[in-house]
$ cat target38.csv   # CSV, C-alpha atoms
chain,number,residue,atom,x,y,z
D,1,MET,CA,14.2,0.6,39.7
D,2,SER,CA,14.2,-2.8,41.3
D,3,THR,CA,14.6,-6.1,39.4
D,4,THR,CA,11.0,-6.9,40.4
D,5,GLU,CA,9.7,-3.6,39.0
D,6,LEU,CA,11.7,-4.1,35.8
D,7,GLU,CA,10.3,-7.6,35.3
D,8,ALA,CA,6.8,-6.2,35.9
D,9,ARG,CA,7.3,-3.5,33.3
D,10,LEU,CA,8.7,-6.0,30.8
D,11,ALA,CA,5.7,-8.3,31.4
D,12,HIS,CA,3.3,-5.5,30.3
D,13,MET,CA,5.1,-4.6,27.1
D,14,PRO,CA,3.8,-5.8,23.8
D,15,SER,CA,5.5,-9.0,22.7
D,16,PRO,CA,7.9,-7.7,20.0
D,17,LYS,CA,9.0,-4.8,22.2
D,18,ARG,CA,9.4,-7.2,25.2
D,19,SER,CA,11.7,-9.5,23.2
D,20,ALA,CA,13.8,-6.6,21.9
D,21,THR,CA,14.1,-5.0,25.3
D,22,SER,CA,15.0,-8.3,27.0
D,23,ALA,CA,17.7,-8.9,24.4
D,24,LEU,CA,19.1,-5.3,24.9
D,25,LEU,CA,19.1,-5.8,28.7
D,26,ALA,CA,20.9,-9.1,28.3
D,27,ALA,CA,23.6,-7.6,26.1
D,28,LEU,CA,24.1,-4.7,28.5
D,29,VAL,CA,24.5,-7.1,31.4
D,30,ASP,CA,27.1,-9.1,29.4
D,31,LEU,CA,29.0,-5.8,28.7
D,32,LEU,CA,28.9,-4.8,32.3
D,33,GLU,CA,30.1,-8.2,33.4
D,34,GLU,CA,33.0,-8.0,30.9
D,35,GLY,CA,33.9,-4.6,32.1
D,36,SER,CA,33.5,-3.1,28.6
D,37,ILE,CA,31.1,-0.5,29.7
D,38,THR,CA,30.3,1.3,33.0
D,39,VAL,CA,26.9,2.2,34.5
D,40,ASP,CA,27.8,5.9,34.0
D,41,GLN,CA,28.3,5.4,30.3
D,42,ILE,CA,25.0,3.6,30.0
D,43,ARG,CA,23.3,6.5,31.9
D,44,GLU,CA,25.0,9.1,29.6
D,45,THR,CA,23.8,7.3,26.5
D,46,THR,CA,20.2,7.0,27.8
D,47,ASP,CA,20.2,10.7,28.8
D,48,ARG,CA,21.4,11.6,25.3
D,49,LEU,CA,18.7,9.5,23.7
D,50,THR,CA,16.1,11.1,25.9
D,51,GLU,CA,17.3,14.6,24.9
D,52,GLN,CA,17.2,13.7,21.2
D,53,ARG,CA,13.7,12.3,21.6
D,54,GLU,CA,12.6,15.5,23.3
D,55,GLU,CA,14.2,17.6,20.5
D,56,VAL,CA,12.3,15.4,17.9
D,57,ARG,CA,9.1,15.9,19.8
D,58,GLN,CA,9.5,19.7,19.9
D,59,ARG,CA,10.5,19.8,16.2
D,60,LEU,CA,7.4,17.7,15.3
D,61,LEU,CA,5.2,20.2,17.2
D,62,GLU,CA,6.7,23.0,15.2
D,63,VAL,CA,6.2,21.2,11.9
D,64,GLN,CA,2.6,20.4,12.9
D,65,ASN,CA,2.1,24.1,13.7
D,66,ASP,CA,3.4,25.0,10.3
D,67,VAL,CA,1.0,22.6,8.6
D,68,LEU,CA,-1.9,24.2,10.6
D,69,GLY,CA,-0.8,27.6,9.3
D,70,LEU,CA,-0.8,26.4,5.7
D,71,ALA,CA,-4.2,24.8,6.1
D,72,ARG,CA,-5.5,28.0,7.8
D,73,TRP,CA,-4.5,30.3,5.0
D,74,GLN,CA,-6.0,27.9,2.5
D,75,ARG,CA,-9.2,27.9,4.5
D,76,ILE,CA,-9.2,31.7,4.6
D,77,ALA,CA,-8.6,32.0,0.9
D,78,ALA,CA,-11.4,29.5,0.2
D,79,GLY,CA,-13.8,31.7,2.3
D,80,CYS,CA,-13.0,34.8,0.1
D,81,LEU,CA,-14.5,35.7,-3.2
D,82,PRO,CA,-12.3,34.5,-6.1
D,83,PRO,CA,-10.7,37.7,-7.6
D,84,ASN,CA,-12.5,37.1,-10.9
D,85,GLN,CA,-15.9,37.1,-9.2
D,86,LEU,CA,-15.3,40.4,-7.4
D,87,PRO,CA,-17.5,43.3,-8.7
D,88,LYS,CA,-15.6,45.3,-11.2
D,89,ARG,CA,-14.3,48.4,-9.4
D,90,SER,CA,-11.1,50.3,-9.6
D,91,ARG,CA,-8.4,49.5,-7.0
D,92,GLU,CA,-8.8,53.0,-5.7
D,93,ARG,CA,-12.6,52.4,-5.2
D,94,TYR,CA,-11.8,49.3,-3.2
D,95,ARG,CA,-9.3,51.2,-1.1
D,96,GLN,CA,-12.0,53.8,-0.4
D,97,LEU,CA,-14.5,51.2,0.6
D,98,ARG,CA,-12.1,49.6,3.0
D,99,GLN,CA,-11.2,53.0,4.5
D,100,GLN,CA,-14.9,53.9,4.9
D,101,HIS,CA,-15.4,50.5,6.7
D,102,ARG,CA,-17.8,49.4,4.0
D,103,LEU,CA,-15.7,46.5,3.0
D,104,ILE,CA,-13.3,44.2,4.9
D,105,GLY,CA,-10.2,43.0,3.2
D,106,VAL,CA,-7.6,40.5,4.4
D,107,ARG,CA,-4.1,40.0,3.3
D,108,ILE,CA,-2.9,36.5,2.7
D,109,PRO,CA,0.9,35.8,2.9
D,110,GLY,CA,2.4,35.0,-0.5
D,111,THR,CA,-0.3,36.8,-2.4
D,112,SER,CA,-0.6,40.4,-3.5
D,113,GLY,CA,-3.4,42.8,-2.7
D,114,PHE,CA,-6.5,42.2,-0.6
D,115,TRP,CA,-8.8,39.3,-0.4
D,116,TYR,CA,-12.5,39.8,0.4
D,117,PRO,CA,-14.4,37.4,2.7
D,118,ALA,CA,-17.5,36.2,0.9
D,119,TRP,CA,-19.9,36.5,3.9
D,120,GLN,CA,-19.8,40.3,3.6
D,121,PHE,CA,-21.6,40.4,0.2
D,122,ASP,CA,-25.3,39.9,-0.5
D,123,ASP,CA,-26.7,37.8,-3.3
D,124,ASP,CA,-26.0,40.5,-5.8
D,125,LEU,CA,-22.4,40.7,-4.6
D,126,GLN,CA,-23.0,44.1,-3.0
D,127,PRO,CA,-21.3,44.7,0.4
D,128,LEU,CA,-23.9,44.3,3.2
D,129,ARG,CA,-25.0,47.7,4.6
D,130,GLN,CA,-24.3,46.5,8.2
D,131,LEU,CA,-20.6,46.4,7.6
D,132,PRO,CA,-19.7,49.8,9.1
D,133,GLN,CA,-21.4,48.6,12.3
D,134,LEU,CA,-19.3,45.4,12.2
D,135,ALA,CA,-16.1,47.4,11.7
D,136,ASP,CA,-16.9,49.4,14.8
D,137,ILE,CA,-17.3,46.1,16.8
D,138,GLN,CA,-14.1,44.8,15.3
D,139,ASP,CA,-12.3,47.9,16.6
D,140,GLU,CA,-13.9,47.7,20.0
D,141,ALA,CA,-13.0,44.0,20.3
D,142,ARG,CA,-9.5,44.7,18.9
D,143,LEU,CA,-9.7,41.9,16.3
D,144,SER,CA,-7.6,41.9,13.2
D,145,ALA,CA,-9.4,41.4,9.9
D,146,VAL,CA,-8.2,37.8,9.7
D,147,GLU,CA,-9.3,37.0,13.3
D,148,LEU,CA,-12.7,38.6,12.5
D,149,HIS,CA,-13.0,36.4,9.4
D,150,GLU,CA,-12.2,33.3,11.3
D,151,LEU,CA,-14.8,34.1,14.0
D,152,MET,CA,-17.5,35.1,11.5
D,153,THR,CA,-17.2,31.7,9.8
D,154,ASN,CA,-16.9,29.5,12.9
D,155,PRO,CA,-20.2,28.1,14.2
D,156,ASP,CA,-18.5,27.3,17.5
D,157,ALA,CA,-18.1,31.0,18.1
D,158,GLY,CA,-21.8,31.6,17.6
D,159,GLY,CA,-23.2,28.8,19.8
D,160,GLY,CA,-23.9,26.6,16.8
D,161,ILE,CA,-24.4,29.2,14.0
D,162,GLU,CA,-21.9,31.1,12.1
D,163,PRO,CA,-21.8,34.7,13.4
D,164,ALA,CA,-22.0,35.8,9.7
D,165,GLU,CA,-25.6,34.6,9.8
D,166,LEU,CA,-26.3,37.0,12.6
D,167,LEU,CA,-24.8,39.8,10.4
D,168,ARG,CA,-27.0,38.8,7.4
D,169,ALA,CA,-30.0,38.6,9.7
D,170,GLY,CA,-29.3,42.1,11.0
D,171,ASP,CA,-28.9,40.9,14.6
D,172,ILE,CA,-26.0,43.2,15.3
D,173,GLU,CA,-26.5,43.3,19.1
D,174,THR,CA,-26.1,39.5,19.5
D,175,LEU,CA,-23.1,39.6,17.1
D,176,ARG,CA,-21.6,42.4,19.2
D,177,GLN,CA,-22.0,40.4,22.4
D,178,ILE,CA,-20.3,37.4,20.8
D,179,LEU,CA,-17.4,39.2,19.3
D,180,LEU,CA,-16.7,41.3,22.4
D,181,ALA,CA,-16.7,38.3,24.6
D,182,GLN,CA,-13.9,36.8,22.5
D,183,ALA,CA,-11.3,39.3,23.9
D,184,ASP,CA,-10.8,37.3,27.1
D,185,GLN,CA,-10.7,33.8,28.4
D,186,ALA,CA,-14.3,33.8,29.6
D,187,ALA,CA,-16.1,33.7,26.3
V,1,MET,CA,-30.5,41.3,22.6
V,2,SER,CA,-32.6,39.6,19.9
V,3,HIS,CA,-32.7,35.9,20.2
V,4,ALA,CA,-34.0,34.8,16.8
V,5,LEU,CA,-31.0,32.6,16.1
V,6,VAL,CA,-29.2,32.2,19.4
V,7,GLU,CA,-30.6,29.7,21.9
V,8,ARG,CA,-31.6,31.4,25.2
V,9,LEU,CA,-30.8,30.3,28.7
V,10,PRO,CA,-33.5,30.3,31.4
V,11,ASP,CA,-33.7,33.5,33.3
V,12,PRO,CA,-32.8,33.3,37.0
V,13,PRO,CA,-35.8,33.1,39.3
V,14,PRO,CA,-36.7,36.2,41.4
V,15,SER,CA,-35.5,34.6,44.6
V,16,LYS,CA,-32.9,32.0,45.6
V,17,PRO,CA,-34.3,28.5,45.2
V,18,PRO,CA,-35.0,27.0,48.6
V,19,ASP,CA,-32.9,23.9,47.9
V,20,ALA,CA,-30.0,25.9,46.3
V,21,PRO,CA,-26.6,24.2,46.9
V,22,ASP,CA,-24.1,25.2,49.6
V,23,LEU,CA,-20.9,27.0,48.7
V,24,LEU,CA,-17.9,24.9,48.0
V,25,GLY,CA,-14.5,25.5,49.6
V,26,VAL,CA,-11.8,25.6,47.0
V,27,ARG,CA,-8.1,26.6,47.7
V,28,LEU,CA,-6.8,28.1,44.4
V,29,ASP,CA,-3.3,26.7,43.7
V,30,ARG,CA,-1.6,28.2,40.7
V,31,HIS,CA,-4.7,28.7,38.7
V,32,VAL,CA,-3.8,30.3,35.4
V,33,ARG,CA,-4.8,33.5,33.7
V,34,ILE,CA,-3.6,34.9,30.4
V,35,HIS,CA,-4.1,38.7,30.2
V,36,ALA,CA,-3.2,41.8,28.3
V,37,GLU,CA,-3.9,44.2,31.2
V,38,PRO,CA,-0.9,44.8,33.6
V,39,ASP,CA,-2.5,44.1,37.0
V,40,LEU,CA,-5.3,41.6,36.8
V,41,LEU,CA,-6.5,42.2,40.4
V,42,ALA,CA,-6.7,46.0,40.1
V,43,LYS,CA,-8.9,46.0,37.0
V,44,PRO,CA,-12.2,47.9,37.4
V,45,ALA,CA,-15.5,46.3,36.7
V,46,LYS,CA,-16.6,46.5,33.0
V,47,SER,CA,-19.7,48.5,32.5
V,48,PRO,CA,-21.6,47.1,30.8
V,49,GLY,CA,-20.3,43.6,31.4
V,50,GLN,CA,-18.5,41.9,28.5
V,51,TYR,CA,-17.7,38.3,29.4
V,52,ARG,CA,-19.7,35.3,30.7
V,53,PHE,CA,-20.1,36.1,34.3
V,54,ASP,CA,-19.3,39.8,34.4
V,55,ALA,CA,-21.6,41.9,36.5
V,56,PRO,CA,-24.3,43.1,34.0
V,57,SER,CA,-23.8,46.8,34.8
V,58,GLY,CA,-20.4,46.8,36.5
V,59,GLU,CA,-21.9,46.2,40.0
V,60,TYR,CA,-18.6,44.4,41.0
V,61,PRO,CA,-15.3,43.6,39.4
V,62,VAL,CA,-14.4,40.0,38.4
V,63,THR,CA,-11.5,38.1,37.0
V,64,TYR,CA,-11.3,34.7,35.5
V,65,THR,CA,-8.9,31.8,36.1
V,66,ALA,CA,-8.6,28.2,34.9
V,67,ALA,CA,-6.9,25.2,36.3
V,68,SER,CA,-4.4,24.9,33.5
V,69,PHE,CA,-2.5,26.8,30.9
V,70,GLU,CA,-4.1,24.6,28.2
V,71,ALA,CA,-7.6,25.6,29.4
V,72,CYS,CA,-6.8,29.3,29.3
V,73,VAL,CA,-5.4,29.0,25.7
V,74,ALA,CA,-8.4,27.1,24.6
V,75,GLU,CA,-10.9,29.6,26.0
V,76,LYS,CA,-9.1,32.5,24.6
V,77,PHE,CA,-8.1,31.4,21.2
V,78,GLN,CA,-10.0,28.2,20.1
V,79,ASP,CA,-12.8,30.1,18.4
V,80,ARG,CA,-10.4,32.3,16.3
V,81,ARG,CA,-8.3,29.3,15.5
V,82,VAL,CA,-5.1,31.3,15.6
V,83,ILE,CA,-2.8,33.1,18.1
V,84,GLU,CA,-1.5,36.0,16.1
V,85,TYR,CA,2.1,37.1,16.7
V,86,ARG,CA,1.0,40.3,18.4
V,87,HIS,CA,-0.7,38.3,21.2
V,88,LEU,CA,2.5,36.4,22.2
V,89,THR,CA,3.5,39.2,24.6
V,90,GLN,CA,0.4,38.8,26.7
V,91,SER,CA,1.1,37.9,30.3
V,92,VAL,CA,0.7,34.6,32.0
V,93,SER,CA,-0.1,34.7,35.7
V,94,LEU,CA,-0.5,32.1,38.4
V,95,VAL,CA,-3.2,32.8,40.9
V,96,SER,CA,-3.3,31.2,44.4
V,97,SER,CA,-5.5,32.0,47.4
V,98,HIS,CA,-4.5,32.4,51.0
V,99,ARG,CA,-7.6,30.5,52.2
V,100,ASP,CA,-10.3,28.3,50.8
V,101,LEU,CA,-12.5,30.4,48.5
V,102,ARG,CA,-16.3,29.9,48.8
V,103,LEU,CA,-17.5,29.2,45.3
V,104,VAL,CA,-20.9,28.6,43.8
V,105,PRO,CA,-20.6,25.1,42.4
V,106,LEU,CA,-21.9,25.6,38.9
V,107,HIS,CA,-19.4,22.9,37.7
V,108,ASP,CA,-21.6,20.2,39.2
V,109,SER,CA,-24.5,18.8,37.4
V,110,VAL,CA,-26.6,18.3,40.6
V,111,ALA,CA,-26.0,21.8,41.7
V,112,LEU,CA,-26.9,23.1,38.2
V,113,ALA,CA,-30.2,21.1,38.3
V,114,LEU,CA,-31.1,22.7,41.7
V,115,PHE,CA,-30.9,26.1,40.0
V,116,GLY,CA,-32.9,24.8,37.0
V,117,LEU,CA,-29.8,25.0,34.8
V,118,ASP,CA,-27.7,22.7,32.8
V,119,ALA,CA,-24.3,22.7,31.0
V,120,ARG,CA,-25.5,25.5,28.7
V,121,ILE,CA,-24.5,28.0,31.4
V,122,TRP,CA,-20.9,27.2,30.5
V,123,THR,CA,-21.4,27.3,26.7
V,124,THR,CA,-24.2,29.7,25.9
V,125,VAL,CA,-23.5,32.8,23.9
V,126,ASP,CA,-26.5,34.3,25.4
V,127,TYR,CA,-24.2,36.4,27.6
V,128,PRO,CA,-26.7,38.9,28.9
V,129,THR,CA,-28.5,36.0,30.6
V,130,SER,CA,-25.4,34.4,32.0
V,131,ARG,CA,-24.4,37.8,33.4
V,132,GLN,CA,-27.9,38.0,35.1
V,133,TRP,CA,-27.2,34.6,36.7
V,134,SER,CA,-23.9,36.0,38.0
V,135,LEU,CA,-25.6,39.0,39.5
V,136,HIS,CA,-28.3,36.9,41.1
V,137,LEU,CA,-25.7,34.4,42.5
V,138,HIS,CA,-23.6,37.4,43.9
V,139,THR,CA,-26.8,38.7,45.6
V,140,TRP,CA,-28.1,35.3,46.8
V,141,TYR,CA,-24.8,34.3,48.3
V,142,PRO,CA,-23.3,37.3,50.2
V,143,ALA,CA,-20.4,35.1,51.3
V,144,ALA,CA,-19.6,33.8,47.8
V,145,ASP,CA,-16.1,34.6,46.5
V,146,GLY,CA,-17.0,33.5,43.0
V,147,ILE,CA,-18.4,30.9,40.6
V,148,TYR,CA,-16.8,27.5,40.0
V,149,TYR,CA,-17.6,26.3,36.4
V,150,ARG,CA,-16.4,24.4,33.4
V,151,PRO,CA,-14.8,26.3,30.6
V,152,ARG,CA,-16.7,26.2,27.2
V,153,HIS,CA,-13.9,24.6,25.2
V,154,ALA,CA,-11.9,22.7,27.9
V,155,HIS,CA,-14.9,21.4,29.8
V,156,GLU,CA,-13.0,18.5,31.3
V,157,GLN,CA,-11.3,21.2,33.4
V,158,LEU,CA,-12.4,23.7,36.0
V,159,ALA,CA,-12.4,27.5,35.9
V,160,CYS,CA,-13.3,30.3,38.3
V,161,CYS,CA,-15.0,33.6,38.0
V,162,LEU,CA,-13.8,35.5,41.0
V,163,PHE,CA,-15.8,38.3,42.6
V,164,LEU,CA,-12.9,40.7,43.3
V,165,ASP,CA,-15.0,42.9,45.7
V,166,ARG,CA,-14.9,39.9,48.1
V,167,CYS,CA,-11.7,38.0,47.6
V,168,ARG,CA,-9.2,40.4,46.1
V,169,ALA,CA,-7.2,40.5,49.4
V,170,GLU,CA,-7.1,36.7,49.6
V,171,LEU,CA,-5.4,36.3,46.2
V,172,GLU,CA,-1.7,36.1,45.4
V,173,VAL,CA,-0.5,36.5,41.8
V,174,HIS,CA,2.8,35.4,40.4
V,175,PRO,CA,4.0,36.2,36.9
V,176,ASP,CA,4.8,33.2,34.8
V,177,GLY,CA,6.3,34.8,31.7
V,178,GLU,CA,4.5,35.8,28.5
V,179,LEU,CA,2.4,33.6,26.3
V,180,GLY,CA,5.2,33.1,23.8
V,181,THR,CA,8.0,32.7,26.3
V,182,ASP,CA,7.8,28.9,26.5
V,183,ARG,CA,7.3,27.8,22.9
V,184,ASP,CA,7.0,24.1,23.8
V,185,ARG,CA,4.3,24.8,26.5
V,186,LEU,CA,2.4,26.9,24.0
V,187,LEU,CA,2.5,24.5,21.1
V,188,THR,CA,1.7,21.5,23.3
V,189,ALA,CA,-1.5,23.4,24.2
V,190,THR,CA,-2.4,24.6,20.7
V,191,VAL,CA,-1.4,21.9,18.2
V,192,PRO,CA,-3.8,19.2,19.5
V,193,ARG,CA,-6.6,21.8,19.3
V,194,SER,CA,-5.6,22.8,15.7
V,195,ILE,CA,-4.9,26.4,16.8
V,196,HIS,CA,-2.2,27.9,14.7
V,197,VAL,CA,0.5,30.0,16.4
V,198,GLU,CA,2.1,32.7,14.4
V,199,LEU,CA,5.7,32.4,15.7
V,200,SER,CA,6.8,35.3,13.5
V,201,PRO,CA,5.2,38.4,12.1
V,202,THR,CA,3.2,37.9,8.8
V,203,GLY,CA,1.7,40.2,6.3
V,204,ALA,CA,-1.7,39.5,7.6
V,205,ALA,CA,-4.1,42.4,7.9
$ encode --input "target38.csv" --output "structure tokens"
Amino acid sequence: MSTTELEARLAHMPSPKRSATSALLAALVDLLEEGSITVDQIRETTDRLTEQREEVRQRLLEVQNDVLGLARWQRIAAGCLPPNQLPKRSRERYRQLRQQHRLIGVRIPGTSGFWYPAWQFDDDLQPLRQLPQLADIQDEARLSAVELHELMTNPDAGGGIEPAELLRAGDIETLRQILLAQADQAA
Amino acid sequence: MSHALVERLPDPPPSKPPDAPDLLGVRLDRHVRIHAEPDLLAKPAKSPGQYRFDAPSGEYPVTYTAASFEACVAEKFQDRRVIEYRHLTQSVSLVSSHRDLRLVPLHDSVALALFGLDARIWTTVDYPTSRQWSLHLHTWYPAADGIYYRPRHAHEQLACCLFLDRCRAELEVHPDGELGTDRDRLLTATVPRSIHVELSPTGAA
């Protein structure tokens, strides 16, 4: 970078950063003139700082991803019926209903048993009779139960309405079109 | 398809509008596709069609590309808000063309207006109608290699639906690893969009 370019870059910095950068540059020039430091040493230091900044950026992305994961599982749990509101049935009966595709259960890390998304129950807390058809679509679209739950409760996936509304309205064909299209990058 | 809740697109007219736009020449340069199938150019047409611009009854095979990795990730995973661990082995491919492809310019608002359409063609979930548009465009433009449009979630970018019956021989595909190979590339695409990536297996059902 030429001196002119350096000056132009400095001129565009916010005032506090400009002052600090100018002071740092002046100190570096003094050290170079004294022979206490070489240009190669300065380059090594700046390369190391750049690497460290990159590591911090990557670590920050991973932490943000972890936070997204925690928020996601909280959102999923909040969309399920609280265990104490579930209709009283034996554990074996719930297992049968899942196996018969008449109920969809999700597992949430750190908890035991299955959680049941609220959208699959009617006002009397009975599983919707359309659920076996939905389970067939889930298989065809190769969606996990958790992915299905996310899609059913996301209005963006349904062009402005939650796909769960289509299920409740019995519009299975539209729901099928929407869920199948999710398998590729052209949904 | 019942349309009680989902907004419908206008149907294509019976014949090509007289002032329909010309095809646009576009040289594909490292367009991106994320895919589970091994060979994206050899895949047969889906019958019936499954995605936005698929042929309605498998009349011709298509594949989809986007201008960036970020756009592909958004289109594929934005709605489900997660990339599950099992998907991290999906392939990433870069698609280039040997010549300018001739594309129907559905990315352009003026061109859309000439067809009586608007941006909903990119965003609608009325897929049967968007597929009818694809079939009509394929018929009206015998020289068209595909459709140029804007992806539903990353609409500041550009995407292609390629008619493989017409341009397969003009395409070159290079592998670019798996979805999870470059963790930094993946998280840079997902974190700003609040898409969670499962970097290790979980107990999720």
$ closest_residue --input "target38.csv" --among "D:Ala183, D:Leu175, D:Leu167, D:Met152" --to "His35 in chain V" --atoms "all atoms listed in the file"
D:Ala183
$ closest_residue --input "target38.csv" --among "V:Leu186, V:Gly116, V:Gly180, V:Thr129" --to "Asp19 in chain V" --atoms "only C-alpha atoms"
V:Gly116
$ closest_atom_pairs --input "target38.csv" --of "chain D" --to "chain V" --cutoff "6 Å" --atoms "all atoms listed in the file" --output "Markdown table"
| residue | atom | partner | partner_atom | distance |
| --- | --- | --- | --- | --- |
| D:Asn65 | CA | V:His196 | CA | 5.8 |
| D:Leu68 | CA | V:His196 | CA | 5.5 |
| D:Gly69 | CA | V:His196 | CA | 5.6 |
| D:Val106 | CA | V:Ala205 | CA | 5.3 |
| D:Arg107 | CA | V:Ala204 | CA | 4.9 |
| D:Ile108 | CA | V:Ala204 | CA | 5.9 |
| D:Pro109 | CA | V:Gly203 | CA | 5.6 |
| D:Ala145 | CA | V:Ala205 | CA | 5.8 |
| D:Glu147 | CA | V:Arg80 | CA | 5.7 |
| D:Glu150 | CA | V:Arg80 | CA | 5.4 |
| D:Leu151 | CA | V:Arg80 | CA | 5.3 |
| D:Ala157 | CA | V:Asp79 | CA | 5.4 |
| D:Gly159 | CA | V:Val125 | CA | 5.7 |
| D:Glu173 | CA | V:Met1 | CA | 5.7 |
| D:Thr174 | CA | V:Met1 | CA | 5.7 |
| D:Ala181 | CA | V:Tyr51 | CA | 4.9 |
| D:Asp184 | CA | V:Lys76 | CA | 5.7 |
| D:Gln185 | CA | V:Lys76 | CA | 4.3 |
| D:Ala186 | CA | V:Tyr51 | CA | 5.6 |
| D:Ala187 | CA | V:Tyr51 | CA | 5.8 |
$ residues_around --input "target38.csv" --residues "range 92-96 of chain V" --least-positions-apart "6" --cutoff "7 Å" --atoms "all atoms listed in the file" --output "PDB file with C-alpha atoms, keeping the file's coordinate frame"
ATOM      1  CA  LEU V  28      -6.800  28.100  44.400  1.00  0.00           C
ATOM      2  CA  ASP V  29      -3.300  26.700  43.700  1.00  0.00           C
ATOM      3  CA  ARG V  30      -1.600  28.200  40.700  1.00  0.00           C
ATOM      4  CA  HIS V  31      -4.700  28.700  38.700  1.00  0.00           C
ATOM      5  CA  VAL V  32      -3.800  30.300  35.400  1.00  0.00           C
ATOM      6  CA  ARG V  33      -4.800  33.500  33.700  1.00  0.00           C
ATOM      7  CA  ILE V  34      -3.600  34.900  30.400  1.00  0.00           C
ATOM      8  CA  HIS V  35      -4.100  38.700  30.200  1.00  0.00           C
ATOM      9  CA  LEU V 171      -5.400  36.300  46.200  1.00  0.00           C
ATOM     10  CA  GLU V 172      -1.700  36.100  45.400  1.00  0.00           C
ATOM     11  CA  VAL V 173      -0.500  36.500  41.800  1.00  0.00           C
ATOM     12  CA  HIS V 174       2.800  35.400  40.400  1.00  0.00           C
ATOM     13  CA  PRO V 175       4.000  36.200  36.900  1.00  0.00           C
ATOM     14  CA  ASP V 176       4.800  33.200  34.800  1.00  0.00           C
ATOM     15  CA  GLY V 177       6.300  34.800  31.700  1.00  0.00           C
ATOM     16  CA  GLU V 178       4.500  35.800  28.500  1.00  0.00           C
ATOM     17  CA  LEU V 179       2.400  33.600  26.300  1.00  0.00           C
TER      18      LEU V 179
END
$ atom_distance --input "target38.csv" --atom1 "CA of Arg168 in chain V" --atom2 "CA of Ala111 in chain V"
25.4 Å
$ residues_around --input "target38.csv" --residues "Leu25 in chain D" --least-positions-apart "5" --cutoff "12 Å" --atoms "only C-alpha atoms" --output "list of chain:residue names"
D:Thr3, D:Leu6, D:Glu7, D:Leu10, D:Arg18, D:Ser19, D:Ala20, D:Asp30, D:Leu31, D:Leu32, D:Ile42
$ atom_distance --input "target38.csv" --atom1 "CA of Leu40 in chain V" --atom2 "CA of Asp22 in chain V"
28.0 Å
$ residues_around --input "target38.csv" --residues "Leu101 in chain V" --least-positions-apart "3" --cutoff "7 Å" --atoms "all atoms listed in the file" --output "count of residues only"
4
